[in-house]
file start02.csv (CSV, C-alpha atoms)
chain,number,residue,atom,x,y,z
M,1,MET,CA,0.0,0.0,0.0
M,2,VAL,CA,1.3,3.4,-0.9
M,3,HIS,CA,1.3,6.0,1.8
M,4,VAL,CA,1.0,9.6,0.7
M,5,PHE,CA,2.3,12.5,2.8
M,6,ASP,CA,0.6,15.7,1.8
M,7,ARG,CA,2.4,18.8,3.0
M,8,ALA,CA,-0.6,21.0,2.4
M,9,VAL,CA,-2.6,19.3,5.2
M,10,ALA,CA,0.3,18.5,7.6
M,11,GLY,CA,0.3,19.8,11.1
M,12,SER,CA,3.0,22.3,11.7
M,13,VAL,CA,4.6,24.4,14.4
M,14,ARG,CA,6.2,27.9,14.2
M,15,VAL,CA,9.9,28.3,15.0
M,16,GLY,CA,10.7,31.9,14.7
M,17,THR,CA,9.4,32.8,11.3
M,18,VAL,CA,9.8,29.2,10.0
M,19,ASP,CA,6.9,26.8,9.7
M,20,VAL,CA,8.0,23.3,10.5
M,21,SER,CA,6.0,20.1,9.8
M,22,ARG,CA,7.7,17.2,11.5
M,23,TRP,CA,6.9,13.7,10.3
M,24,GLU,CA,6.6,12.4,13.9
M,25,GLN,CA,2.9,13.1,13.3
M,26,TYR,CA,2.7,10.2,10.9
M,27,ALA,CA,3.9,7.7,13.7
M,28,LEU,CA,6.0,5.7,11.2
M,29,GLY,CA,7.9,4.1,14.1
M,30,GLU,CA,11.0,2.2,13.0
M,31,LEU,CA,9.9,2.1,9.3
M,32,MET,CA,12.4,4.8,8.3
M,33,PRO,CA,16.1,4.9,9.3
M,34,PHE,CA,15.8,8.7,9.7
M,35,GLN,CA,13.5,11.4,11.0
M,36,ALA,CA,12.0,13.9,8.5
M,37,MET,CA,10.3,17.2,8.2
M,38,TRP,CA,9.2,19.9,5.8
M,39,TYR,CA,10.0,23.5,6.6
M,40,SER,CA,9.2,26.8,4.9
M,41,VAL,CA,11.1,30.1,5.3
M,42,PRO,CA,9.1,33.2,4.2
M,43,PRO,CA,10.5,35.7,1.6
M,44,GLY,CA,13.3,37.8,3.1
M,45,SER,CA,13.6,35.8,6.2
M,46,LYS,CA,15.9,33.1,7.7
M,47,SER,CA,15.8,30.2,10.1
M,48,PRO,CA,17.1,30.6,13.6
M,49,GLN,CA,20.6,29.3,13.9
M,50,ASP,CA,20.4,25.6,14.5
M,51,ARG,CA,23.0,23.0,15.6
M,52,HIS,CA,22.3,19.3,16.4
M,53,PRO,CA,24.0,16.0,16.6
M,54,GLU,CA,22.1,14.6,13.6
M,55,VAL,CA,23.5,14.6,10.1
M,56,GLU,CA,20.9,16.4,7.9
M,57,LEU,CA,20.1,16.0,4.2
M,58,SER,CA,17.9,18.6,2.7
M,59,VAL,CA,16.1,18.8,-0.6
M,60,VAL,CA,15.0,22.2,-1.8
M,61,LEU,CA,11.4,21.9,-3.1
M,62,THR,CA,10.5,25.5,-3.9
M,63,GLY,CA,12.6,28.7,-4.0
M,64,SER,CA,16.3,28.8,-3.3
M,65,ALA,CA,18.2,28.2,-0.1
M,66,THR,CA,21.1,30.3,0.9
M,67,VAL,CA,22.9,28.1,3.4
M,68,GLU,CA,25.3,29.6,5.9
M,69,ALA,CA,27.4,26.9,7.7
M,70,GLY,CA,31.0,26.2,8.5
M,71,GLY,CA,32.1,29.7,7.5
M,72,ALA,CA,30.8,29.3,4.0
M,73,VAL,CA,27.6,30.5,2.2
M,74,VAL,CA,26.2,28.3,-0.6
M,75,GLU,CA,23.2,28.7,-2.8
M,76,VAL,CA,21.0,25.7,-3.3
M,77,PRO,CA,18.3,26.0,-5.9
M,78,ALA,CA,15.0,24.1,-6.1
M,79,GLY,CA,15.7,20.5,-7.1
M,80,SER,CA,19.1,20.4,-5.5
M,81,SER,CA,20.2,19.1,-2.1
M,82,PHE,CA,22.6,19.9,0.7
M,83,LEU,CA,24.1,17.8,3.4
M,84,LEU,CA,25.0,19.2,6.8
M,85,PRO,CA,27.4,17.2,9.0
M,86,ALA,CA,26.6,16.5,12.6
M,87,ASP,CA,27.1,19.5,15.0
M,88,GLU,CA,27.5,22.0,12.2
M,89,ALA,CA,25.8,25.3,13.1
M,90,HIS,CA,23.7,26.5,10.2
M,91,VAL,CA,21.3,29.2,9.2
M,92,VAL,CA,19.1,28.9,6.1
M,93,HIS,CA,18.2,32.2,4.4
M,94,ASN,CA,15.5,32.9,1.9
M,95,ARG,CA,16.8,35.9,0.0
M,96,SER,CA,13.9,36.0,-2.4
M,97,ALA,CA,11.6,39.0,-2.0
M,98,THR,CA,8.6,37.1,-3.3
M,99,GLU,CA,8.9,33.4,-3.2
M,100,SER,CA,8.7,31.1,-0.2
M,101,LEU,CA,11.5,28.6,0.4
M,102,VAL,CA,10.2,25.1,1.1
M,103,VAL,CA,12.6,22.3,2.1
M,104,PHE,CA,12.3,18.6,2.8
M,105,SER,CA,14.9,17.4,5.3
M,106,ALA,CA,15.9,13.9,6.5
M,107,TYR,CA,18.1,13.7,9.6
M,108,TRP,CA,19.7,10.9,11.6
M,109,LEU,CA,22.3,10.3,14.3
M,110,PRO,CA,25.6,9.3,12.6
M,111,GLY,CA,27.0,5.8,13.1
M,112,GLY,CA,23.8,3.8,12.6
M,113,ALA,CA,21.7,5.0,15.5
M,114,SER,CA,18.5,6.8,14.4
Z,1,MET,CA,31.3,21.8,5.6
Z,2,VAL,CA,28.1,21.8,3.6
Z,3,HIS,CA,28.0,19.4,0.6
Z,4,VAL,CA,25.8,20.5,-2.3
Z,5,PHE,CA,24.3,18.0,-4.8
Z,6,ASP,CA,23.3,19.7,-8.0
Z,7,ARG,CA,21.0,17.6,-10.1
Z,8,ALA,CA,21.7,19.7,-13.1
Z,9,VAL,CA,25.2,18.4,-13.4
Z,10,ALA,CA,24.7,14.9,-12.0
Z,11,GLY,CA,25.6,11.9,-14.1
Z,12,SER,CA,22.6,9.9,-15.2
Z,13,VAL,CA,21.6,6.7,-16.9
Z,14,ARG,CA,18.6,6.0,-19.1
Z,15,VAL,CA,16.1,3.3,-17.9
Z,16,GLY,CA,13.4,3.1,-20.5
Z,17,THR,CA,12.3,6.7,-21.0
Z,18,VAL,CA,13.4,7.6,-17.4
Z,19,ASP,CA,16.5,9.5,-16.6
Z,20,VAL,CA,18.1,8.2,-13.4
Z,21,SER,CA,20.8,10.0,-11.4
Z,22,ARG,CA,22.0,7.7,-8.6
Z,23,TRP,CA,23.9,9.1,-5.7
Z,24,GLU,CA,26.4,6.3,-5.7
Z,25,GLN,CA,28.3,8.8,-7.9
Z,26,TYR,CA,29.0,10.9,-4.8
Z,27,ALA,CA,30.7,8.1,-2.9
Z,28,LEU,CA,29.2,9.0,0.4
Z,29,GLY,CA,30.0,5.6,1.8
Z,30,GLU,CA,28.3,5.0,5.2
Z,31,LEU,CA,27.5,8.6,5.8
Z,32,MET,CA,23.8,8.1,4.9
Z,33,PRO,CA,21.6,5.3,6.2
Z,34,PHE,CA,19.9,5.0,2.8
Z,35,GLN,CA,20.7,5.1,-1.0
Z,36,ALA,CA,19.3,8.0,-3.0
Z,37,MET,CA,18.6,9.0,-6.6
Z,38,TRP,CA,16.8,11.6,-8.6
Z,39,TYR,CA,14.8,10.5,-11.6
Z,40,SER,CA,12.7,12.2,-14.2
Z,41,VAL,CA,9.8,10.9,-16.3
Z,42,PRO,CA,9.0,12.8,-19.5
Z,43,PRO,CA,5.6,14.2,-20.2
Z,44,GLY,CA,3.1,11.4,-21.1
Z,45,SER,CA,5.5,8.6,-20.2
Z,46,LYS,CA,5.9,6.2,-17.3
Z,47,SER,CA,8.6,4.3,-15.5
Z,48,PRO,CA,9.1,0.6,-16.2
Z,49,GLN,CA,7.4,-1.5,-13.5
Z,50,ASP,CA,9.9,-1.8,-10.6
Z,51,ARG,CA,9.9,-4.1,-7.6
Z,52,HIS,CA,12.7,-4.3,-5.0
Z,53,PRO,CA,13.4,-5.4,-1.4
Z,54,GLU,CA,14.1,-1.8,-0.3
Z,55,VAL,CA,11.5,0.5,1.2
Z,56,GLU,CA,11.4,3.7,-0.9
Z,57,LEU,CA,10.5,7.2,0.2
Z,58,SER,CA,10.0,9.6,-2.7
Z,59,VAL,CA,9.6,13.4,-2.8
Z,60,VAL,CA,8.0,14.9,-5.9
Z,61,LEU,CA,10.1,17.9,-6.9
Z,62,THR,CA,8.5,19.0,-10.2
Z,63,GLY,CA,5.2,17.9,-11.8
Z,64,SER,CA,2.8,15.4,-10.4
Z,65,ALA,CA,3.4,11.6,-10.0
Z,66,THR,CA,0.6,9.2,-10.6
Z,67,VAL,CA,1.7,6.2,-8.6
Z,68,GLU,CA,0.3,2.8,-9.4
Z,69,ALA,CA,1.0,0.2,-6.7
Z,70,GLY,CA,-0.8,-2.4,-4.6
Z,71,GLY,CA,-3.9,-2.3,-6.8
Z,72,ALA,CA,-4.3,1.5,-6.2
Z,73,VAL,CA,-3.5,4.6,-8.1
Z,74,VAL,CA,-2.7,7.8,-6.2
Z,75,GLU,CA,-1.8,11.2,-7.3
Z,76,VAL,CA,1.2,12.9,-5.6
Z,77,PRO,CA,1.7,16.6,-6.5
Z,78,ALA,CA,5.0,18.5,-6.3
Z,79,GLY,CA,6.0,19.1,-2.6
Z,80,SER,CA,4.3,15.9,-1.4
Z,81,SER,CA,5.8,12.5,-0.8
Z,82,PHE,CA,5.0,8.8,-1.1
Z,83,LEU,CA,6.3,5.7,0.7
Z,84,LEU,CA,6.5,2.4,-1.0
Z,85,PRO,CA,6.8,-0.7,1.2
Z,86,ALA,CA,9.4,-3.4,0.4
Z,87,ASP,CA,8.6,-5.7,-2.5
Z,88,GLU,CA,5.7,-3.6,-3.7
Z,89,ALA,CA,5.5,-3.5,-7.5
Z,90,HIS,CA,5.1,0.0,-8.8
Z,91,VAL,CA,4.8,2.2,-11.9
Z,92,VAL,CA,5.2,6.0,-11.8
Z,93,HIS,CA,3.3,7.8,-14.5
Z,94,ASN,CA,3.6,11.4,-15.7
Z,95,ARG,CA,0.2,12.2,-17.1
Z,96,SER,CA,1.1,15.8,-17.9
Z,97,ALA,CA,1.4,16.6,-21.6
Z,98,THR,CA,3.9,19.3,-21.0
Z,99,GLU,CA,5.7,19.1,-17.7
Z,100,SER,CA,8.5,16.8,-16.7
Z,101,LEU,CA,8.1,14.8,-13.5
Z,102,VAL,CA,11.1,15.0,-11.3
Z,103,VAL,CA,11.4,12.9,-8.1
Z,104,PHE,CA,14.0,12.5,-5.3
Z,105,SER,CA,14.0,9.0,-3.8
Z,106,ALA,CA,15.7,7.5,-0.7
Z,107,TYR,CA,15.6,3.8,-0.4
Z,108,TRP,CA,16.9,1.3,2.2
Z,109,LEU,CA,16.6,-2.4,3.2
Z,110,PRO,CA,14.1,-2.7,6.0
Z,111,GLY,CA,15.2,-3.8,9.5
Z,112,GLY,CA,18.2,-1.6,9.9
Z,113,ALA,CA,20.4,-3.0,7.2
Z,114,SER,CA,21.3,-0.4,4.5
call {"tool": "encode", "arguments": {"input": "start02.csv", "output": "C-alpha cells"}}
result
Amino acid sequence: MVHVFDRAVAGSVRVGTVDVSRWEQYALGELMPFQAMWYSVPPGSKSPQDRHPEVELSVVLTGSATVEAGGAVVEVPAGSSFLLPADEAHVVHNRSATESLVVFSAYWLPGGAS
Amino acid sequence: MVHVFDRAVAGSVRVGTVDVSRWEQYALGELMPFQAMWYSVPPGSKSPQDRHPEVELSVVLTGSATVEAGGAVVEVPAGSSFLLPADEAHVVHNRSATESLVVFSAYWLPGGAS
C-alpha cells in the first residue's frame, strides 16, 4: 500500500518565522532509518541558527536556499540538495523578496543509530 | 562543511524513458543510512514497472506523480511524498502533456540494514 504524505494538510509548528511540519505526526515508528520534516522560510527571512548531533540531508522543493554553515555560504536552488554534517551550526536564508522557500529534510544520528 | 548536490550536473543513466541519477556517484559511503537518486519521467510517459526489497520514500520535486502500486492509483503533487513498502511492484506515470516529473527518492533495506 502506498502511503502519501501531503504537506498541504500536515500539522506544523512555528519556530521563529519558520513553519515546521515534523513527520513524527505520521507515527511511522521504525519504518524509516531517519526522521523527516518539511519547513518553509518566508521571503526575506531566515531560520534561527540551529545545531544538532544529527546529520541532515535537505532537498529544496521551492525557491532557493542560501545556506550559511562552517564559515561558508552556498546557494542551493530548487531540485538540488545539501548535506550538513553532525554538529554544524547553520542558518538557512530565503533571500527572495517574493517566493517562499520550502525544504524537505531527513536527519539521523551518525553511526547507525537513528 | 556543507556538501551541495546539484541535479543539473549529475551523471545519469537512461532506464526506458526515465533518466536516473544515482547518488552512488558521490561516494558518500556509510554517511547516509539509505541510498538515493533523482529520476525524471518525460511528459506522457511512465517508469518501467519496478519491484525491489528496499522501502522507498519519494519526494516529488516538479510535476505530479501518478503512482500505481498495490492495486491502487494515487496522485502525488509537487512538494508531497510517497512511501512504497518493500517488494511492492510500482509504476510511476507522468500524465502531464507538457511538464516533466522529477522525483527524489531515498531507499533502504528494512530492518536496519542499508
call {"tool": "calpha_fit_and_write", "arguments": {"input": "start02.csv", "fixed": "chain M", "moving": "chain Z", "output": "mmCIF file with C-alpha atoms, in the coordinates of the input"}}
result
data_model
loop_
_atom_site.group_PDB
_atom_site.id
_atom_site.type_symbol
_atom_site.label_atom_id
_atom_site.label_comp_id
_atom_site.auth_asym_id
_atom_site.auth_seq_id
_atom_site.Cartn_x
_atom_site.Cartn_y
_atom_site.Cartn_z
ATOM 1 C CA MET Z 1 0.071 -0.054 -0.027
ATOM 2 C CA VAL Z 2 1.419 3.347 -0.954
ATOM 3 C CA HIS Z 3 1.390 5.980 1.846
ATOM 4 C CA VAL Z 4 1.028 9.586 0.693
ATOM 5 C CA PHE Z 5 2.275 12.547 2.797
ATOM 6 C CA ASP Z 6 0.604 15.753 1.771
ATOM 7 C CA ARG Z 7 2.389 18.796 3.061
ATOM 8 C CA ALA Z 8 -0.610 20.918 2.424
ATOM 9 C CA VAL Z 9 -2.536 19.325 5.213
ATOM 10 C CA ALA Z 10 0.332 18.474 7.561
ATOM 11 C CA GLY Z 11 0.328 19.824 11.082
ATOM 12 C CA SER Z 12 3.017 22.394 11.693
ATOM 13 C CA VAL Z 13 4.652 24.425 14.401
ATOM 14 C CA ARG Z 14 6.141 27.900 14.212
ATOM 15 C CA VAL Z 15 9.908 28.273 15.019
ATOM 16 C CA GLY Z 16 10.732 31.917 14.654
ATOM 17 C CA THR Z 17 9.360 32.860 11.241
ATOM 18 C CA VAL Z 18 9.757 29.213 10.007
ATOM 19 C CA ASP Z 19 6.912 26.845 9.608
ATOM 20 C CA VAL Z 20 7.945 23.310 10.572
ATOM 21 C CA SER Z 21 5.990 20.144 9.747
ATOM 22 C CA ARG Z 22 7.656 17.179 11.481
ATOM 23 C CA TRP Z 23 6.896 13.687 10.382
ATOM 24 C CA GLU Z 24 6.618 12.403 13.898
ATOM 25 C CA GLN Z 25 2.923 13.200 13.257
ATOM 26 C CA TYR Z 26 2.733 10.167 10.960
ATOM 27 C CA ALA Z 27 3.897 7.705 13.592
ATOM 28 C CA LEU Z 28 6.000 5.702 11.243
ATOM 29 C CA GLY Z 29 7.892 4.155 14.104
ATOM 30 C CA GLU Z 30 10.983 2.202 12.905
ATOM 31 C CA LEU Z 31 9.905 2.055 9.330
ATOM 32 C CA MET Z 32 12.382 4.803 8.297
ATOM 33 C CA PRO Z 33 16.035 4.932 9.299
ATOM 34 C CA PHE Z 34 15.836 8.720 9.696
ATOM 35 C CA GLN Z 35 13.465 11.501 11.013
ATOM 36 C CA ALA Z 36 11.989 13.885 8.463
ATOM 37 C CA MET Z 37 10.294 17.282 8.275
ATOM 38 C CA TRP Z 38 9.262 19.886 5.794
ATOM 39 C CA TYR Z 39 9.886 23.510 6.621
ATOM 40 C CA SER Z 40 9.271 26.798 4.926
ATOM 41 C CA VAL Z 41 11.055 30.146 5.263
ATOM 42 C CA PRO Z 42 9.134 33.242 4.160
ATOM 43 C CA PRO Z 43 10.476 35.625 1.604
ATOM 44 C CA GLY Z 44 13.329 37.774 3.066
ATOM 45 C CA SER Z 45 13.536 35.783 6.291
ATOM 46 C CA LYS Z 46 15.869 33.164 7.715
ATOM 47 C CA SER Z 47 15.798 30.235 10.073
ATOM 48 C CA PRO Z 48 17.096 30.629 13.621
ATOM 49 C CA GLN Z 49 20.666 29.295 13.880
ATOM 50 C CA ASP Z 50 20.389 25.514 14.494
ATOM 51 C CA ARG Z 51 22.998 23.022 15.622
ATOM 52 C CA HIS Z 52 22.316 19.332 16.370
ATOM 53 C CA PRO Z 53 24.064 15.937 16.642
ATOM 54 C CA GLU Z 54 22.152 14.566 13.622
ATOM 55 C CA VAL Z 55 23.459 14.645 10.074
ATOM 56 C CA GLU Z 56 20.854 16.413 7.894
ATOM 57 C CA LEU Z 57 20.131 15.900 4.222
ATOM 58 C CA SER Z 58 17.869 18.572 2.753
ATOM 59 C CA VAL Z 59 16.077 18.800 -0.616
ATOM 60 C CA VAL Z 60 14.984 22.246 -1.776
ATOM 61 C CA LEU Z 61 11.433 21.913 -3.075
ATOM 62 C CA THR Z 62 10.461 25.536 -3.842
ATOM 63 C CA GLY Z 63 12.652 28.672 -3.994
ATOM 64 C CA SER Z 64 16.333 28.819 -3.365
ATOM 65 C CA ALA Z 65 18.120 28.231 0.014
ATOM 66 C CA THR Z 66 21.111 30.279 0.919
ATOM 67 C CA VAL Z 67 22.854 28.058 3.417
ATOM 68 C CA GLU Z 68 25.294 29.545 5.865
ATOM 69 C CA ALA Z 69 27.428 26.938 7.650
ATOM 70 C CA GLY Z 70 31.060 26.175 8.449
ATOM 71 C CA GLY Z 71 32.192 29.689 7.538
ATOM 72 C CA ALA Z 72 30.723 29.324 3.979
ATOM 73 C CA VAL Z 73 27.626 30.444 2.243
ATOM 74 C CA VAL Z 74 26.225 28.351 -0.612
ATOM 75 C CA GLU Z 75 23.265 28.736 -2.773
ATOM 76 C CA VAL Z 76 21.013 25.665 -3.293
ATOM 77 C CA PRO Z 77 18.268 26.089 -5.946
ATOM 78 C CA ALA Z 78 15.005 24.120 -6.090
ATOM 79 C CA GLY Z 79 15.680 20.448 -7.144
ATOM 80 C CA SER Z 80 19.146 20.403 -5.547
ATOM 81 C CA SER Z 81 20.174 19.158 -2.146
ATOM 82 C CA PHE Z 82 22.578 19.908 0.695
ATOM 83 C CA LEU Z 83 24.140 17.750 3.424
ATOM 84 C CA LEU Z 84 24.978 19.141 6.768
ATOM 85 C CA PRO Z 85 27.433 17.180 8.928
ATOM 86 C CA ALA Z 86 26.662 16.517 12.623
ATOM 87 C CA ASP Z 87 27.122 19.438 14.989
ATOM 88 C CA GLU Z 88 27.505 21.962 12.207
ATOM 89 C CA ALA Z 89 25.844 25.278 13.064
ATOM 90 C CA HIS Z 90 23.660 26.525 10.275
ATOM 91 C CA VAL Z 91 21.271 29.264 9.121
ATOM 92 C CA VAL Z 92 19.005 28.894 6.066
ATOM 93 C CA HIS Z 93 18.148 32.158 4.405
ATOM 94 C CA ASN Z 94 15.461 32.944 1.827
ATOM 95 C CA ARG Z 95 16.801 35.929 -0.032
ATOM 96 C CA SER Z 96 13.872 36.057 -2.444
ATOM 97 C CA ALA Z 97 11.528 39.008 -1.975
ATOM 98 C CA THR Z 98 8.590 37.114 -3.272
ATOM 99 C CA GLU Z 99 8.940 33.368 -3.173
ATOM 100 C CA SER Z 100 8.642 31.069 -0.214
ATOM 101 C CA LEU Z 101 11.467 28.616 0.422
ATOM 102 C CA VAL Z 102 10.246 25.150 1.034
ATOM 103 C CA VAL Z 103 12.628 22.325 2.076
ATOM 104 C CA PHE Z 104 12.286 18.577 2.848
ATOM 105 C CA SER Z 105 14.846 17.375 5.398
ATOM 106 C CA ALA Z 106 15.868 13.875 6.604
ATOM 107 C CA TYR Z 107 18.053 13.744 9.605
ATOM 108 C CA TRP Z 108 19.663 10.899 11.608
ATOM 109 C CA LEU Z 109 22.311 10.284 14.326
ATOM 110 C CA PRO Z 110 25.533 9.260 12.668
ATOM 111 C CA GLY Z 111 26.952 5.735 13.151
ATOM 112 C CA GLY Z 112 23.834 3.752 12.562
ATOM 113 C CA ALA Z 113 21.778 4.884 15.491
ATOM 114 C CA SER Z 114 18.509 6.636 14.442
#
call {"tool": "interface_residues", "arguments": {"input": "start02.csv", "of": "chain M", "to": "chain Z", "cutoff": "6 Å", "atoms": "only C-alpha atoms", "output": "tab-separated table (two decimals) with C-alpha atoms, keeping the file's coordinate frame"}}
result
chain	number	residue	atom	x	y	z
M	1	MET	CA	0.00	0.00	0.00
M	2	VAL	CA	1.30	3.40	-0.90
M	3	HIS	CA	1.30	6.00	1.80
M	4	VAL	CA	1.00	9.60	0.70
M	5	PHE	CA	2.30	12.50	2.80
M	6	ASP	CA	0.60	15.70	1.80
M	7	ARG	CA	2.40	18.80	3.00
M	61	LEU	CA	11.40	21.90	-3.10
M	70	GLY	CA	31.00	26.20	8.50
M	80	SER	CA	19.10	20.40	-5.50
M	81	SER	CA	20.20	19.10	-2.10
M	82	PHE	CA	22.60	19.90	0.70
M	83	LEU	CA	24.10	17.80	3.40
M	84	LEU	CA	25.00	19.20	6.80
call {"tool": "atom_distance", "arguments": {"input": "start02.csv", "atom1": "atom CA of Asp50 of chain Z", "atom2": "atom CA of Ala10 of chain M"}}
result
28.9 Å
call {"tool": "closest_residue", "arguments": {"input": "start02.csv", "among": "Z:Ser64, Z:Gln25, Z:Tyr39, Z:Val15", "to": "His93 of chain Z", "atoms": "all atoms listed in the file"}}
result
Z:Ser64
call {"tool": "atom_distance", "arguments": {"input": "start02.csv", "atom1": "atom CA of Val91 of chain M", "atom2": "atom CA of Pro48 of chain M"}}
result
6.2 Å
call {"tool": "closest_residue", "arguments": {"input": "start02.csv", "among": "M:Ser45, M:Ser105, M:Thr66, M:Ser96", "to": "Trp23 of chain M", "atoms": "all atoms listed in the file"}}
result
M:Ser105
call {"tool": "atom_distance", "arguments": {"input": "start02.csv", "atom1": "atom CA of Arg14 of chain M", "atom2": "atom CA of Gly29 of chain M"}}
result
23.9 Å
call {"tool": "residues_near_point", "arguments": {"input": "start02.csv", "point": "(6.8, 12.2, -15.7)", "cutoff": "8 Å", "atoms": "all atoms listed in the file", "output": "PyMOL selection string"}}
result
chain Z and resi 40-46+63-65+92-96+99-102
call {"tool": "write_last_selection", "arguments": {"input": "start02.csv", "atoms": "C-alpha atoms", "output": "tab-separated table (two decimals), in the frame of the given file"}}
result
chain	number	residue	atom	x	y	z
Z	40	SER	CA	12.70	12.20	-14.20
Z	41	VAL	CA	9.80	10.90	-16.30
Z	42	PRO	CA	9.00	12.80	-19.50
Z	43	PRO	CA	5.60	14.20	-20.20
Z	44	GLY	CA	3.10	11.40	-21.10
Z	45	SER	CA	5.50	8.60	-20.20
Z	46	LYS	CA	5.90	6.20	-17.30
Z	63	GLY	CA	5.20	17.90	-11.80
Z	64	SER	CA	2.80	15.40	-10.40
Z	65	ALA	CA	3.40	11.60	-10.00
Z	92	VAL	CA	5.20	6.00	-11.80
Z	93	HIS	CA	3.30	7.80	-14.50
Z	94	ASN	CA	3.60	11.40	-15.70
Z	95	ARG	CA	0.20	12.20	-17.10
Z	96	SER	CA	1.10	15.80	-17.90
Z	99	GLU	CA	5.70	19.10	-17.70
Z	100	SER	CA	8.50	16.80	-16.70
Z	101	LEU	CA	8.10	14.80	-13.50
Z	102	VAL	CA	11.10	15.00	-11.30
call {"tool": "build_atoms", "arguments": {"input": "start02.csv", "residues": "segment 27-47 of chain Z", "atoms": "N, CA and C atoms", "output": "mmCIF file, in the coordinates of the input"}}
result
data_model
loop_
_atom_site.group_PDB
_atom_site.id
_atom_site.type_symbol
_atom_site.label_atom_id
_atom_site.label_comp_id
_atom_site.auth_asym_id
_atom_site.auth_seq_id
_atom_site.Cartn_x
_atom_site.Cartn_y
_atom_site.Cartn_z
ATOM 1 N N ALA Z 27 29.886 8.860 -3.813
ATOM 2 C CA ALA Z 27 30.700 8.100 -2.900
ATOM 3 C C ALA Z 27 30.651 8.497 -1.486
ATOM 4 N N LEU Z 28 29.427 8.577 -0.974
ATOM 5 C CA LEU Z 28 29.200 9.000 0.400
ATOM 6 C C LEU Z 28 29.461 7.918 1.424
ATOM 7 N N GLY Z 29 29.665 6.700 0.933
ATOM 8 C CA GLY Z 29 30.000 5.600 1.800
ATOM 9 C C GLY Z 29 28.888 5.368 2.854
ATOM 10 N N GLU Z 30 29.282 5.272 4.113
ATOM 11 C CA GLU Z 30 28.300 5.000 5.200
ATOM 12 C C GLU Z 30 27.707 6.197 5.797
ATOM 13 N N LEU Z 31 27.936 7.356 5.171
ATOM 14 C CA LEU Z 31 27.500 8.600 5.800
ATOM 15 C C LEU Z 31 25.928 8.644 5.877
ATOM 16 N N MET Z 32 25.256 8.066 4.890
ATOM 17 C CA MET Z 32 23.800 8.100 4.900
ATOM 18 C C MET Z 32 23.237 6.691 5.133
ATOM 19 N N PRO Z 33 22.169 6.580 5.918
ATOM 20 C CA PRO Z 33 21.600 5.300 6.200
ATOM 21 C C PRO Z 33 20.618 4.816 5.091
ATOM 22 N N PHE Z 34 20.796 5.359 3.898
ATOM 23 C CA PHE Z 34 19.900 5.000 2.800
ATOM 24 C C PHE Z 34 20.701 5.300 1.482
ATOM 25 N N GLN Z 35 20.228 4.737 0.378
ATOM 26 C CA GLN Z 35 20.700 5.100 -1.000
ATOM 27 C C GLN Z 35 19.770 6.205 -1.465
ATOM 28 N N ALA Z 36 20.196 6.915 -2.494
ATOM 29 C CA ALA Z 36 19.300 8.000 -3.000
ATOM 30 C C ALA Z 36 19.515 8.128 -4.508
ATOM 31 N N MET Z 37 18.516 8.736 -5.127
ATOM 32 C CA MET Z 37 18.600 9.000 -6.600
ATOM 33 C C MET Z 37 17.594 10.157 -6.885
ATOM 34 N N TRP Z 38 17.844 10.816 -8.013
ATOM 35 C CA TRP Z 38 16.800 11.600 -8.600
ATOM 36 C C TRP Z 38 16.361 10.837 -9.879
ATOM 37 N N TYR Z 39 15.121 10.967 -10.269
ATOM 38 C CA TYR Z 39 14.800 10.500 -11.600
ATOM 39 C C TYR Z 39 13.729 11.396 -12.216
ATOM 40 N N SER Z 40 13.703 11.398 -13.530
ATOM 41 C CA SER Z 40 12.700 12.200 -14.200
ATOM 42 C C SER Z 40 11.983 11.378 -15.261
ATOM 43 N N VAL Z 41 10.680 11.597 -15.335
ATOM 44 C CA VAL Z 41 9.800 10.900 -16.300
ATOM 45 C C VAL Z 41 9.275 11.937 -17.253
ATOM 46 N N PRO Z 42 9.495 11.754 -18.559
ATOM 47 C CA PRO Z 42 9.000 12.800 -19.500
ATOM 48 C C PRO Z 42 7.511 12.867 -19.563
ATOM 49 N N PRO Z 43 7.008 13.981 -20.063
ATOM 50 C CA PRO Z 43 5.600 14.200 -20.200
ATOM 51 C C PRO Z 43 4.924 12.978 -20.956
ATOM 52 N N GLY Z 44 3.811 12.480 -20.450
ATOM 53 C CA GLY Z 44 3.100 11.400 -21.100
ATOM 54 C C GLY Z 44 3.728 10.050 -21.050
ATOM 55 N N SER Z 45 4.767 9.908 -20.243
ATOM 56 C CA SER Z 45 5.500 8.600 -20.200
ATOM 57 C C SER Z 45 5.316 8.015 -18.777
ATOM 58 N N LYS Z 46 5.981 6.887 -18.564
ATOM 59 C CA LYS Z 46 5.900 6.200 -17.300
ATOM 60 C C LYS Z 46 7.196 5.438 -17.042
ATOM 61 N N SER Z 47 7.455 5.127 -15.781
ATOM 62 C CA SER Z 47 8.600 4.300 -15.500
ATOM 63 C C SER Z 47 8.319 2.854 -15.819
#
